[in-house]
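Below is the file start10.cif, which contains mmCIF, C-alpha atoms.
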```cif
data_query
loop_
_atom_site.label_atom_id
_atom_site.label_comp_id
_atom_site.auth_asym_id
_atom_site.auth_seq_id
_atom_site.Cartn_x
_atom_site.Cartn_y
_atom_site.Cartn_z
CA MET A 14 0.00 0.00 0.00
CA PRO A 15 1.13 3.58 -0.57
CA SER A 16 2.32 5.52 2.48
CA TYR A 17 0.51 8.70 1.38
CA ASP A 18 3.46 10.46 3.03
CA SER A 19 4.57 13.58 1.13
CA HIS A 20 7.90 13.85 2.97
CA LYS A 21 8.76 10.24 2.24
CA LEU A 22 8.04 10.72 -1.47
CA SER A 23 10.11 13.91 -1.57
CA HIS A 24 12.99 12.01 -0.05
CA ILE A 25 12.64 9.16 -2.58
CA HIS A 26 12.66 11.62 -5.49
CA HIS A 27 15.75 13.27 -4.05
CA GLU A 28 17.52 9.92 -3.87
CA LEU A 29 16.31 8.90 -7.33
CA HIS A 30 17.82 12.06 -8.74
CA ALA A 31 21.18 10.86 -7.44
CA VAL A 32 21.03 7.18 -8.44
CA LEU A 33 19.40 7.28 -11.88
CA PRO A 34 21.31 8.00 -15.11
CA SER A 35 21.27 11.61 -16.26
CA GLU A 36 19.75 10.92 -19.71
CA PRO A 37 15.96 10.41 -19.87
CA ALA A 38 16.20 7.52 -22.32
CA LEU A 39 18.74 5.76 -20.09
CA ARG A 40 16.71 6.44 -16.94
CA THR A 41 13.65 4.83 -18.49
CA LYS A 42 15.64 1.90 -19.80
CA ALA A 43 17.27 1.28 -16.42
CA LEU A 44 13.92 1.32 -14.64
CA GLU A 45 12.14 -0.77 -17.27
CA SER A 46 14.72 -3.52 -17.23
CA LEU A 47 14.71 -3.67 -13.44
CA LEU A 48 10.91 -3.72 -13.25
CA THR A 49 10.82 -6.43 -15.91
CA GLU A 50 13.38 -8.50 -13.96
CA LYS A 51 11.21 -8.13 -10.86
CA GLY A 52 8.10 -9.30 -12.73
CA LEU A 53 6.25 -6.02 -12.10
CA LEU A 54 5.35 -5.31 -15.75
CA ASN A 55 3.07 -6.85 -18.33
CA ALA A 56 4.75 -6.36 -21.73
CA ALA A 57 1.57 -7.04 -23.72
CA ALA A 58 -0.42 -4.47 -21.73
CA ILE A 59 2.31 -1.86 -22.24
CA ASP A 60 2.16 -2.50 -25.98
CA ALA A 61 -1.64 -2.23 -25.91
CA TRP A 62 -1.50 1.22 -24.29
CA ILE A 63 1.07 2.39 -26.83
CA GLU A 64 -0.96 1.03 -29.77
CA MET A 65 -4.14 2.66 -28.53
CA TYR A 66 -2.58 6.09 -28.21
CA ARG A 67 -0.15 5.91 -31.13
CA ASP A 68 -2.35 4.24 -33.74
CA GLU A 69 -6.00 4.11 -32.72
CA ILE A 70 -7.20 7.12 -30.72
CA GLY A 71 -6.57 10.64 -31.95
CA PRO A 72 -8.18 13.99 -32.74
CA LYS A 73 -10.09 12.54 -35.71
CA ARG A 74 -12.59 11.35 -33.12
CA GLY A 75 -13.18 14.86 -31.84
CA ALA A 76 -13.34 16.16 -35.42
CA CYS A 77 -16.19 13.73 -36.21
CA VAL A 78 -18.08 14.97 -33.17
CA VAL A 79 -17.60 18.64 -34.14
CA ALA A 80 -18.68 18.03 -37.73
CA ARG A 81 -21.81 16.25 -36.51
CA ALA A 82 -22.60 19.20 -34.23
CA TRP A 83 -22.23 21.53 -37.24
CA THR A 84 -24.66 19.54 -39.37
CA ASP A 85 -27.18 18.18 -36.85
CA PRO A 86 -28.73 20.81 -34.54
CA ALA A 87 -30.33 18.17 -32.31
CA PHE A 88 -26.93 16.50 -31.80
CA LYS A 89 -25.37 19.86 -31.04
CA GLN A 90 -27.96 20.42 -28.31
CA ARG A 91 -27.18 17.00 -26.84
CA LEU A 92 -23.44 17.73 -26.99
CA LEU A 93 -23.81 21.02 -25.16
CA ALA A 94 -26.17 19.46 -22.59
CA ASP A 95 -24.17 16.29 -21.82
CA ALA A 96 -21.00 15.86 -23.87
CA THR A 97 -20.07 12.49 -22.32
CA ALA A 98 -23.39 10.99 -23.42
CA ALA A 99 -23.17 12.67 -26.84
CA ILE A 100 -19.69 11.31 -27.67
CA GLY A 101 -20.93 7.98 -26.34
CA GLU A 102 -23.16 7.87 -29.44
CA PHE A 103 -19.93 7.45 -31.44
CA GLY A 104 -18.37 5.03 -28.93
CA PHE A 105 -15.75 7.64 -28.02
CA ALA A 106 -16.55 8.02 -24.31
CA GLY A 107 -13.84 6.53 -22.11
CA HIS A 108 -10.45 7.46 -20.63
CA ALA A 109 -10.74 10.92 -19.03
CA THR A 110 -14.06 11.80 -20.67
CA GLY A 111 -16.43 10.64 -17.94
CA HIS A 112 -17.32 14.28 -17.19
CA LEU A 113 -16.90 16.08 -20.50
CA GLU A 114 -18.20 19.56 -21.23
CA ALA A 115 -18.33 21.15 -24.68
CA VAL A 116 -17.79 24.94 -24.70
CA GLU A 117 -18.94 26.73 -27.83
CA ASN A 118 -17.09 29.42 -29.74
CA THR A 119 -19.36 32.15 -31.11
CA LEU A 120 -18.86 35.46 -32.85
CA GLY A 121 -18.27 37.13 -29.48
CA VAL A 122 -16.66 34.30 -27.47
CA HIS A 123 -13.44 32.35 -27.82
CA ASN A 124 -12.68 29.40 -25.51
CA LEU A 125 -9.23 28.13 -24.55
CA VAL A 126 -8.47 25.02 -22.47
CA VAL A 127 -5.44 24.47 -20.21
CA CYS A 128 -4.40 22.45 -17.17
CA THR A 129 -2.18 24.67 -15.03
CA LEU A 130 -1.59 22.06 -12.29
CA CYS A 131 -0.67 19.05 -14.42
CA SER A 132 -1.81 17.90 -17.87
CA CYS A 133 -5.52 16.97 -17.74
CA TYR A 134 -6.92 16.33 -21.23
CA PRO A 135 -9.91 14.46 -22.76
CA PHE A 136 -7.79 11.50 -23.91
CA SER A 137 -10.41 9.12 -25.33
CA LEU A 138 -11.78 11.92 -27.54
CA LEU A 139 -8.64 13.79 -28.69
CA GLY A 140 -5.92 11.17 -28.18
CA MET A 141 -2.54 11.94 -26.62
CA SER A 142 -2.14 15.59 -25.72
CA PRO A 143 0.40 17.56 -27.79
CA ALA A 144 3.74 18.35 -26.16
CA TRP A 145 3.07 22.10 -26.18
CA TYR A 146 -0.11 21.59 -24.11
CA LYS A 147 2.00 19.98 -21.38
CA SER A 148 4.77 22.58 -21.58
CA ASN A 149 5.60 24.88 -18.66
CA GLU A 150 5.19 27.86 -20.99
CA TYR A 151 1.61 27.06 -21.99
CA ARG A 152 0.56 26.06 -18.48
CA ALA A 153 1.97 29.24 -16.96
CA ARG A 154 0.78 31.71 -19.60
CA ALA A 155 -2.62 30.50 -20.85
CA VAL A 156 -4.54 31.77 -17.80
CA ARG A 157 -2.67 35.07 -17.53
CA ASP A 158 -1.89 36.06 -21.10
CA PRO A 159 -4.38 34.11 -23.23
CA ARG A 160 -4.40 36.75 -25.97
CA GLY A 161 -0.61 36.70 -26.18
CA VAL A 162 -0.64 32.90 -26.33
CA LEU A 163 -3.35 32.95 -29.02
CA LYS A 164 -1.37 35.47 -31.04
CA GLU A 165 1.60 33.10 -31.05
CA PHE A 166 -0.74 30.48 -32.49
CA GLY A 167 -1.85 32.96 -35.16
CA VAL A 168 -5.20 33.84 -33.57
CA GLU A 169 -5.79 37.59 -33.35
CA LEU A 170 -8.91 38.64 -31.45
CA ASP A 171 -10.45 42.10 -31.20
CA ASP A 172 -11.54 43.54 -27.86
CA LYS A 173 -15.18 42.77 -28.63
CA THR A 174 -14.48 39.06 -28.42
CA GLU A 175 -14.41 37.68 -24.88
CA VAL A 176 -11.80 35.04 -24.09
CA ARG A 177 -12.89 32.29 -21.71
CA VAL A 178 -10.07 30.19 -20.34
CA TRP A 179 -10.98 26.81 -18.82
CA ASP A 180 -8.41 25.55 -16.30
CA SER A 181 -8.97 21.78 -15.97
CA THR A 182 -8.59 21.51 -12.20
CA SER A 183 -11.02 18.58 -11.69
CA GLU A 184 -11.91 15.34 -13.48
CA ARG A 185 -14.22 17.41 -15.68
CA ARG A 186 -12.66 17.91 -19.12
CA TYR A 187 -13.35 20.42 -21.86
CA LEU A 188 -13.85 20.25 -25.62
CA VAL A 189 -13.93 23.51 -27.57
CA LEU A 190 -16.68 23.44 -30.18
CA PRO A 191 -15.27 25.68 -32.93
CA GLN A 192 -17.47 27.84 -35.16
CA ARG A 193 -18.54 26.33 -38.44
CA PRO A 194 -16.63 28.26 -41.10
CA ASP A 195 -18.33 30.27 -43.83
CA GLY A 196 -18.43 29.06 -47.40
CA VAL A 197 -18.92 25.36 -46.66
CA ASP A 198 -22.72 25.26 -46.62
CA ASP A 199 -23.01 22.37 -49.04
CA TRP A 200 -20.19 20.30 -47.54
CA GLU A 201 -20.81 16.76 -46.29
CA GLU A 202 -20.13 15.90 -42.67
CA ALA A 203 -17.02 13.84 -43.54
CA ALA A 204 -15.48 16.71 -45.51
CA LEU A 205 -16.25 19.14 -42.70
CA ALA A 206 -14.55 16.82 -40.20
CA ARG A 207 -11.34 17.14 -42.20
CA LEU A 208 -11.29 20.87 -41.48
CA VAL A 209 -11.33 20.37 -37.71
CA THR A 210 -7.92 20.38 -36.05
CA ARG A 211 -6.70 19.26 -32.66
CA ASN A 212 -5.63 22.80 -31.81
CA ALA A 213 -9.10 24.15 -32.67
CA MET A 214 -10.64 21.72 -30.17
CA ILE A 215 -8.23 22.95 -27.47
CA GLY A 216 -8.83 26.54 -28.52
CA THR A 217 -5.47 27.59 -29.97
CA GLU A 218 -6.93 27.81 -33.49
CA ARG A 219 -10.14 29.68 -34.38
CA ASP A 220 -10.76 30.13 -38.11
CA LEU A 221 -11.25 26.75 -39.78
CA SER A 222 -12.35 28.09 -43.16
CA PRO A 223 -10.80 26.20 -46.09
CA LYS A 224 -9.36 29.46 -47.44
CA GLN A 225 -7.53 30.04 -44.15
CA LYS A 226 -6.13 26.54 -44.30
CA GLY A 227 -5.22 26.73 -47.98
CA VAL A 228 -7.44 23.79 -48.89
CA MET B 179 1.11 22.10 -1.62
CA ASP B 180 2.79 25.29 -2.77
CA GLY B 181 4.84 23.38 -5.31
CA MET B 182 6.67 24.13 -8.52
CA HIS B 183 3.84 22.39 -10.40
CA ASP B 184 1.44 25.25 -9.63
CA LEU B 185 2.38 27.14 -12.79
CA GLY B 186 -0.73 29.19 -13.59
CA GLY B 187 0.16 32.87 -13.96
CA ARG B 188 3.89 32.44 -13.26
CA GLU B 189 5.85 34.96 -15.27
CA GLY B 190 9.13 34.74 -17.12
CA PHE B 191 8.22 31.83 -19.37
CA GLY B 192 9.00 32.33 -23.02
CA ALA B 193 7.34 31.50 -26.31
CA ILE B 194 5.46 28.25 -26.80
CA ARG B 195 7.41 25.93 -29.05
CA ASN B 196 6.38 23.33 -31.65
CA LYS B 197 2.81 24.57 -31.86
CA ASP B 198 1.94 22.40 -34.86
CA ASP B 199 3.48 19.26 -33.47
CA GLY B 200 0.85 16.64 -32.64
CA GLU B 201 2.99 13.50 -32.50
CA PRO B 202 1.89 11.40 -29.51
CA PHE B 203 5.44 10.26 -28.73
CA HIS B 204 8.83 11.53 -29.91
CA ALA B 205 11.02 8.62 -28.89
CA ASP B 206 10.55 4.97 -28.09
CA TRP B 207 11.30 5.57 -24.41
CA GLU B 208 8.44 8.08 -24.19
CA ALA B 209 5.96 5.52 -25.47
CA ARG B 210 7.42 2.86 -23.15
CA SER B 211 7.11 5.15 -20.11
CA PHE B 212 3.51 5.95 -20.98
CA GLY B 213 2.60 2.28 -21.41
CA ILE B 214 4.43 1.19 -18.26
CA ILE B 215 2.80 3.77 -16.02
CA GLN B 216 -0.69 3.39 -17.48
CA SER B 217 -0.60 -0.39 -17.16
CA SER B 218 0.68 -0.22 -13.56
CA ALA B 219 -1.86 2.34 -12.44
CA GLY B 220 -4.35 -0.03 -10.85
CA ALA B 221 -2.29 -1.20 -7.85
CA LYS B 222 -3.99 -1.38 -4.46
CA GLY B 223 -4.36 2.07 -2.94
CA TRP B 224 -3.46 3.81 -6.22
CA SER B 225 -5.44 6.89 -7.17
CA ILE B 226 -4.97 9.55 -9.81
CA ASP B 227 -4.74 12.09 -6.99
CA TRP B 228 -1.94 10.27 -5.20
CA PHE B 229 -0.13 9.87 -8.54
CA ARG B 230 -0.45 13.60 -9.28
CA HIS B 231 0.82 14.41 -5.80
CA CYS B 232 3.82 12.10 -6.24
CA ARG B 233 4.65 13.90 -9.49
CA GLU B 234 4.35 17.28 -7.75
CA LEU B 235 6.97 16.08 -5.27
CA ILE B 236 9.66 15.69 -7.93
CA GLU B 237 12.61 17.97 -7.12
CA PRO B 238 11.59 21.44 -8.35
CA VAL B 239 14.49 21.81 -10.76
CA ASP B 240 13.69 18.40 -12.26
CA TYR B 241 10.00 19.26 -12.46
CA LEU B 242 10.78 22.25 -14.63
CA SER B 243 13.53 20.73 -16.74
CA ARG B 244 12.90 17.03 -17.24
CA PRO B 245 10.72 15.70 -20.09
CA TYR B 246 7.08 14.93 -19.40
CA PHE B 247 7.06 11.14 -19.80
CA ASP B 248 10.36 10.90 -17.95
CA GLN B 249 8.58 12.49 -14.99
CA TRP B 250 5.86 9.84 -15.24
CA MET B 251 8.43 7.06 -15.18
CA THR B 252 10.31 8.52 -12.24
CA THR B 253 7.06 9.06 -10.36
CA GLY B 254 5.98 5.46 -10.99
CA ALA B 255 9.35 4.21 -9.72
CA ALA B 256 9.08 6.42 -6.63
CA GLN B 257 5.64 4.93 -5.92
CA MET B 258 6.97 1.38 -6.24
CA ILE B 259 9.81 2.22 -3.85
CA ASP B 260 7.32 3.75 -1.42
CA GLU B 261 5.21 0.58 -1.54
CA GLY B 262 8.21 -1.70 -1.04
CA TYR B 263 8.28 -3.40 -4.45
CA LEU B 264 11.58 -1.85 -5.47
CA THR B 265 14.55 -0.38 -3.61
CA LEU B 266 17.01 2.41 -4.28
CA ASP B 267 19.81 -0.13 -3.80
CA GLU B 268 18.44 -2.21 -6.65
CA ILE B 269 18.41 0.84 -8.91
CA ARG B 270 21.95 1.71 -7.82
CA ASP B 271 23.12 -1.85 -8.57
CA GLY B 272 20.99 -2.26 -11.69
CA ALA B 273 19.86 -5.67 -10.49
CA SER B 274 16.97 -7.13 -8.53
CA ASN B 275 17.81 -8.49 -5.07
CA PHE B 276 14.37 -9.76 -3.99
CA ASP B 277 11.09 -10.96 -5.48
CA PRO B 278 8.17 -9.01 -4.08
CA ARG B 279 5.49 -11.42 -2.78
CA PRO B 280 2.69 -10.91 -3.47
CA GLY B 281 3.60 -8.95 -6.59
CA ARG B 282 2.15 -5.67 -7.78
CA PRO B 283 0.02 -6.96 -10.63
CA ALA B 284 0.11 -4.88 -13.79
CA ALA B 285 -3.06 -4.59 -15.82
CA THR B 286 -3.72 -7.15 -18.57
CA VAL B 287 -4.35 -6.23 -22.21
CA ASP B 288 -8.10 -6.72 -21.73
CA GLU B 289 -8.15 -4.60 -18.59
CA SER B 290 -6.16 -1.87 -20.31
CA ARG B 291 -8.49 -1.75 -23.31
CA ALA B 292 -11.55 -1.84 -21.07
CA SER B 293 -10.20 1.03 -18.99
CA VAL B 294 -9.68 3.25 -22.06
CA ALA B 295 -13.25 2.52 -23.18
CA ASN B 296 -14.73 3.21 -19.73
CA PRO B 297 -15.92 6.79 -19.09
CA ARG B 298 -15.20 6.47 -15.39
CA SER B 299 -17.34 8.61 -13.13
CA PHE B 300 -15.87 10.54 -10.21
CA ALA B 301 -19.32 11.57 -8.99
CA MET B 302 -20.03 10.74 -5.34
CA GLN B 303 -23.10 11.17 -3.19
CA VAL B 304 -22.76 13.94 -0.62
CA ALA B 305 -25.35 13.96 2.17
CA ALA B 306 -25.23 17.70 2.87
CA PRO B 307 -26.92 20.06 0.41
CA PRO B 308 -24.62 22.29 -1.66
CA ARG B 309 -23.67 25.46 0.18
CA PHE B 310 -23.66 27.71 -2.90
CA ALA B 311 -26.08 28.41 -5.74
CA THR B 312 -25.34 29.45 -9.31
CA GLY B 313 -24.68 33.20 -9.35
CA ASP B 314 -23.39 33.35 -5.75
CA PHE B 315 -20.19 35.27 -5.13
CA VAL B 316 -17.50 33.23 -3.43
CA ARG B 317 -13.95 33.85 -2.26
CA CYS B 318 -11.24 31.18 -2.46
CA ALA B 319 -9.27 30.19 0.63
CA LEU B 320 -6.14 32.26 1.13
CA SER B 321 -4.00 29.28 2.06
CA GLY B 322 -3.77 25.77 0.75
CA HIS B 323 -2.19 23.00 2.81
CA THR B 324 0.96 20.90 2.60
CA GLY B 325 -0.70 17.94 0.87
CA HIS B 326 -2.27 17.61 -2.57
CA THR B 327 -4.85 20.21 -3.54
CA ARG B 328 -6.49 21.40 -6.74
CA LEU B 329 -6.81 25.01 -5.62
CA PRO B 330 -4.16 26.83 -7.67
CA GLY B 331 -2.22 29.68 -6.08
CA TYR B 332 -3.41 32.27 -8.60
CA VAL B 333 -7.03 32.18 -7.38
CA ARG B 334 -6.35 32.02 -3.63
CA GLY B 335 -8.06 34.88 -1.84
CA ARG B 336 -9.75 35.95 -5.10
CA ARG B 337 -13.46 36.50 -5.63
CA GLY B 338 -15.42 34.66 -8.29
CA VAL B 339 -18.97 33.68 -9.23
CA VAL B 340 -20.54 30.24 -9.17
CA HIS B 341 -21.01 29.48 -12.87
CA ALA B 342 -22.30 25.89 -12.46
CA ARG B 343 -22.82 23.19 -9.84
CA HIS B 344 -21.84 19.59 -10.47
CA GLY B 345 -23.01 17.71 -7.38
CA GLY B 346 -20.59 15.64 -5.31
CA HIS B 347 -17.23 14.56 -6.78
CA VAL B 348 -14.32 12.61 -5.26
CA PHE B 349 -12.39 15.17 -3.19
CA PRO B 350 -8.78 15.02 -4.43
CA ASP B 351 -7.20 16.45 -1.28
CA ALA B 352 -8.59 13.48 0.70
CA SER B 353 -8.13 10.93 -2.08
CA ALA B 354 -4.40 11.71 -2.23
CA ARG B 355 -4.24 10.70 1.46
CA GLY B 356 -6.02 7.42 0.78
CA GLU B 357 -9.44 8.63 1.97
CA ARG B 358 -12.27 8.40 -0.50
CA ARG B 359 -15.00 10.93 0.14
CA GLY B 360 -17.06 13.32 -1.92
CA GLU B 361 -17.52 17.05 -1.81
CA HIS B 362 -19.64 19.40 -3.88
CA LEU B 363 -17.87 20.60 -7.00
CA TYR B 364 -18.51 23.93 -8.73
CA THR B 365 -17.27 25.75 -11.80
CA ILE B 366 -16.23 29.22 -10.62
CA GLY B 367 -15.79 32.09 -13.06
CA PHE B 368 -13.20 34.78 -12.31
CA ALA B 369 -12.84 38.09 -14.11
CA ALA B 370 -9.31 38.34 -15.51
CA ALA B 371 -9.40 41.90 -14.14
CA ASP B 372 -9.73 40.45 -10.61
CA LEU B 373 -6.77 38.11 -11.07
CA TRP B 374 -4.08 40.06 -12.90
CA PRO B 375 -2.98 43.67 -12.41
CA GLU B 376 -2.25 44.12 -16.13
CA ALA B 377 -5.79 42.96 -17.06
CA LYS B 378 -7.68 45.82 -15.36
CA SER B 379 -9.69 46.72 -18.45
CA SER B 380 -10.14 43.17 -19.74
CA ARG B 381 -13.54 41.48 -20.15
CA ASP B 382 -11.93 38.06 -20.34
CA ARG B 383 -12.71 35.38 -17.78
CA VAL B 384 -11.03 32.32 -16.32
CA PHE B 385 -13.06 29.32 -15.15
CA LEU B 386 -11.90 26.70 -12.67
CA ASP B 387 -13.57 23.64 -11.16
CA LEU B 388 -13.27 24.00 -7.39
CA TRP B 389 -14.50 21.99 -4.41
CA GLU B 390 -16.73 23.44 -1.73
CA SER B 391 -14.18 23.51 1.10
CA TYR B 392 -11.94 25.76 -1.02
CA LEU B 393 -14.69 28.42 -1.02
CA GLU B 394 -16.28 30.92 1.37
CA PRO B 395 -19.25 33.22 0.70
CA ALA B 396 -18.18 36.66 -0.54
#
```

What does the file become when written as structure tokens?
Amino acid sequence: MPSYDSHKLSHIHHELHAVLPSEPALRTKALESLLTEKGLLNAAAIDAWIEMYRDEIGPKRGACVVARAWTDPAFKQRLLADATAAIGEFGFAGHATGHLEAVENTLGVHNLVVCTLCSCYPFSLLGMSPAWYKSNEYRARAVRDPRGVLKEFGVELDDKTEVRVWDSTSERRYLVLPQRPDGVDDWEEAALARLVTRNAMIGTERDLSPKQKGV
Amino acid sequence: MDGMHDLGGREGFGAIRNKDDGEPFHADWEARSFGIIQSSAGAKGWSIDWFRHCRELIEPVDYLSRPYFDQWMTTGAAQMIDEGYLTLDEIRDGASNFDPRPGRPAATVDESRASVANPRSFAMQVAAPPRFATGDFVRCALSGHTGHTRLPGYVRGRRGVVHARHGGHVFPDASARGERRGEHLYTIGFAAADLWPEAKSSRDRVFLDLWESYLEPA
């Protein structure tokens, strides 16, 4: 059983700093081979987790959900009312999406999602989080200088547009529902889904029009 | 805890790099670390809150400078040492010197796949009625405590509005100590102008999910 003792864990980390190799790849290798020798790992389960998040689950899932919300008003209502149940219609509910909320971008509102305390993210819907989302820079700045952060991502907002930043401090997770771009009125749902990016569903991209993306 | 992990609003950080990079893993060891920690996450007494706390306790300089998945791996090893499945001597020697009995069973393939497909609920019944209603003004506690908490430093002592109520949820501060109990959870909206001196004329807002004991009427 865990000790739940903060001081003990601090001490262990301090010692680990001293005994482990200084290169991350070597640190991991040293620990993996020791844990394997001690019979504490299941190689097939490790491979399964890697396959799921490298090959199977990614932002295409979220893009399908957004495109459906753009084309089916009743689905959009369900998504905004209970996003976990709505993505469950696609079979996408799962890891870290048990309490999902969709926040909608409009003409006057732009939403941006961050986790300042760690790296919370709706994994079963958007796949592995991008490295920048987990970076110290993004975590520190998104709540304090969201417009500066957005500008770095190429999103310029006027003062009439309100920025809403969602800091994922609980097991509730957020999906940004981007605005449907202009000029795609006759597009099929599948084609619309191809316009939707991971960054747009986190909130670091806003204009998904095909012209903007050079499609 | 007032740890290095509590990064919201800290100044001096530079530009965000690799903004178009969406690769899940950038090296084999990153993928291995992810798989190892995810498949070992179900050990007796394990909780996401205790895991987060153990990561927060990484040496501050390492927390800021070491790669993300490397921190997972080190945190997982620290937990196994804490629980007695692994020793620092073994790491120093690079060889096992005892077989833990009973072992610390890793998840199977089926359990791993089932866990990714399970939208796990953290909702918990709370006997007491919620103390706050939507639209109420609240003020966050001025101090945290030395254990795990999800009340970030940048909202402590600040006034916000109850934006939504979510019923009872597992209370992470207790869960990280091995106690499972629920507390009412709220989404609180803060005016950026009330958080940051340079945002005095801003209409922007920041929303956080906060538990009832973090809040007082304001």

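Each of A:Lys173, A:Ala203, A:Cys131, A:Glu50 was checked against Trp250 of chain B using only C-alpha atoms; the smallest atom-to-atom distance is that of A:Cys131.
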
TODO: Have a look at atom CA of Leu185 of chain B and atom CA of Ala342 of chain B and let me know their distance in Å, one decimal.
DONE: 24.7 Å

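Atom CA of Leu208 of chain A is found 16.7 Å from atom CA of Glu117 of chain A.
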
Open item on the list: Can you spell out as a ChimeraX atom specification the set of residues that the PyMOL selection byres ((chain B and resi 232) around 12) selects in the structure I just provided?
Closed with: /A:15-26,131 /B:179,181,183,224-231,233-237,241,249-260,325-326,354-355

TODO: Quick one: everything within 12 Å of segment 77-93 of chain A, counting all atoms listed in the file, minus sequence neighbours fewer than 2 positions away in the same chain. Send it as number ranges by chain.
DONE: A: 71-75, 95-106, 113-118, 138-139, 187-195, 197-211, 213-214, 221

What would the file look like if the residues just selected were written as a short mmCIF file (atom, residue, chain, number, x, y, z; two decimals), in the frame of the given file with C-alpha atoms?
```
data_model
loop_
_atom_site.label_atom_id
_atom_site.label_comp_id
_atom_site.auth_asym_id
_atom_site.auth_seq_id
_atom_site.Cartn_x
_atom_site.Cartn_y
_atom_site.Cartn_z
CA GLY A 71 -6.57 10.64 -31.95
CA PRO A 72 -8.18 13.99 -32.74
CA LYS A 73 -10.09 12.54 -35.71
CA ARG A 74 -12.59 11.35 -33.12
CA GLY A 75 -13.18 14.86 -31.84
CA ASP A 95 -24.17 16.29 -21.82
CA ALA A 96 -21.00 15.86 -23.87
CA THR A 97 -20.07 12.49 -22.32
CA ALA A 98 -23.39 10.99 -23.42
CA ALA A 99 -23.17 12.67 -26.84
CA ILE A 100 -19.69 11.31 -27.67
CA GLY A 101 -20.93 7.98 -26.34
CA GLU A 102 -23.16 7.87 -29.44
CA PHE A 103 -19.93 7.45 -31.44
CA GLY A 104 -18.37 5.03 -28.93
CA PHE A 105 -15.75 7.64 -28.02
CA ALA A 106 -16.55 8.02 -24.31
CA LEU A 113 -16.90 16.08 -20.50
CA GLU A 114 -18.20 19.56 -21.23
CA ALA A 115 -18.33 21.15 -24.68
CA VAL A 116 -17.79 24.94 -24.70
CA GLU A 117 -18.94 26.73 -27.83
CA ASN A 118 -17.09 29.42 -29.74
CA LEU A 138 -11.78 11.92 -27.54
CA LEU A 139 -8.64 13.79 -28.69
CA TYR A 187 -13.35 20.42 -21.86
CA LEU A 188 -13.85 20.25 -25.62
CA VAL A 189 -13.93 23.51 -27.57
CA LEU A 190 -16.68 23.44 -30.18
CA PRO A 191 -15.27 25.68 -32.93
CA GLN A 192 -17.47 27.84 -35.16
CA ARG A 193 -18.54 26.33 -38.44
CA PRO A 194 -16.63 28.26 -41.10
CA ASP A 195 -18.33 30.27 -43.83
CA VAL A 197 -18.92 25.36 -46.66
CA ASP A 198 -22.72 25.26 -46.62
CA ASP A 199 -23.01 22.37 -49.04
CA TRP A 200 -20.19 20.30 -47.54
CA GLU A 201 -20.81 16.76 -46.29
CA GLU A 202 -20.13 15.90 -42.67
CA ALA A 203 -17.02 13.84 -43.54
CA ALA A 204 -15.48 16.71 -45.51
CA LEU A 205 -16.25 19.14 -42.70
CA ALA A 206 -14.55 16.82 -40.20
CA ARG A 207 -11.34 17.14 -42.20
CA LEU A 208 -11.29 20.87 -41.48
CA VAL A 209 -11.33 20.37 -37.71
CA THR A 210 -7.92 20.38 -36.05
CA ARG A 211 -6.70 19.26 -32.66
CA ALA A 213 -9.10 24.15 -32.67
CA MET A 214 -10.64 21.72 -30.17
CA LEU A 221 -11.25 26.75 -39.78
#
```

Task: Expected selection from the PyMOL selection byres ((chain B and resi 301) around 7), given as a list in words - done: Ser299, Phe300, Met302, Gln303, Gly346, His347 and Val348 of chain B

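Distance check against Leu363 of chain B using all atoms listed in the file: of A:Asp220, A:Glu150, A:Asp158, A:Glu184, the minimum falls on A:Glu184.
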
Give me segment 30-38 of chain A with N, CA and C atoms filled in, as a PDB file, in the coordinates of the input.
```pdb
ATOM      1  N   HIS A  30      17.047  11.101  -7.947  1.00  0.00           N
ATOM      2  CA  HIS A  30      17.820  12.060  -8.740  1.00  0.00           C
ATOM      3  C   HIS A  30      19.303  11.673  -8.725  1.00  0.00           C
ATOM      4  N   ALA A  31      19.759  11.195  -7.586  1.00  0.00           N
ATOM      5  CA  ALA A  31      21.180  10.860  -7.440  1.00  0.00           C
ATOM      6  C   ALA A  31      21.535   9.515  -8.068  1.00  0.00           C
ATOM      7  N   VAL A  32      20.632   8.536  -8.004  1.00  0.00           N
ATOM      8  CA  VAL A  32      21.030   7.180  -8.440  1.00  0.00           C
ATOM      9  C   VAL A  32      20.688   6.870  -9.907  1.00  0.00           C
ATOM     10  N   LEU A  33      19.783   7.607 -10.498  1.00  0.00           N
ATOM     11  CA  LEU A  33      19.400   7.280 -11.880  1.00  0.00           C
ATOM     12  C   LEU A  33      20.336   7.956 -12.890  1.00  0.00           C
ATOM     13  N   PRO A  34      20.484   7.369 -14.078  1.00  0.00           N
ATOM     14  CA  PRO A  34      21.310   8.000 -15.110  1.00  0.00           C
ATOM     15  C   PRO A  34      20.799   9.400 -15.453  1.00  0.00           C
ATOM     16  N   SER A  35      21.662  10.219 -16.022  1.00  0.00           N
ATOM     17  CA  SER A  35      21.270  11.610 -16.260  1.00  0.00           C
ATOM     18  C   SER A  35      20.507  11.806 -17.574  1.00  0.00           C
ATOM     19  N   GLU A  36      20.502  10.817 -18.444  1.00  0.00           N
ATOM     20  CA  GLU A  36      19.750  10.920 -19.710  1.00  0.00           C
ATOM     21  C   GLU A  36      18.377  10.278 -19.563  1.00  0.00           C
ATOM     22  N   PRO A  37      17.313  10.977 -20.004  1.00  0.00           N
ATOM     23  CA  PRO A  37      15.960  10.410 -19.870  1.00  0.00           C
ATOM     24  C   PRO A  37      15.816   9.022 -20.478  1.00  0.00           C
ATOM     25  N   ALA A  38      16.352   8.819 -21.665  1.00  0.00           N
ATOM     26  CA  ALA A  38      16.200   7.520 -22.320  1.00  0.00           C
ATOM     27  C   ALA A  38      16.865   6.419 -21.479  1.00  0.00           C
TER      28      ALA A  38
END
```
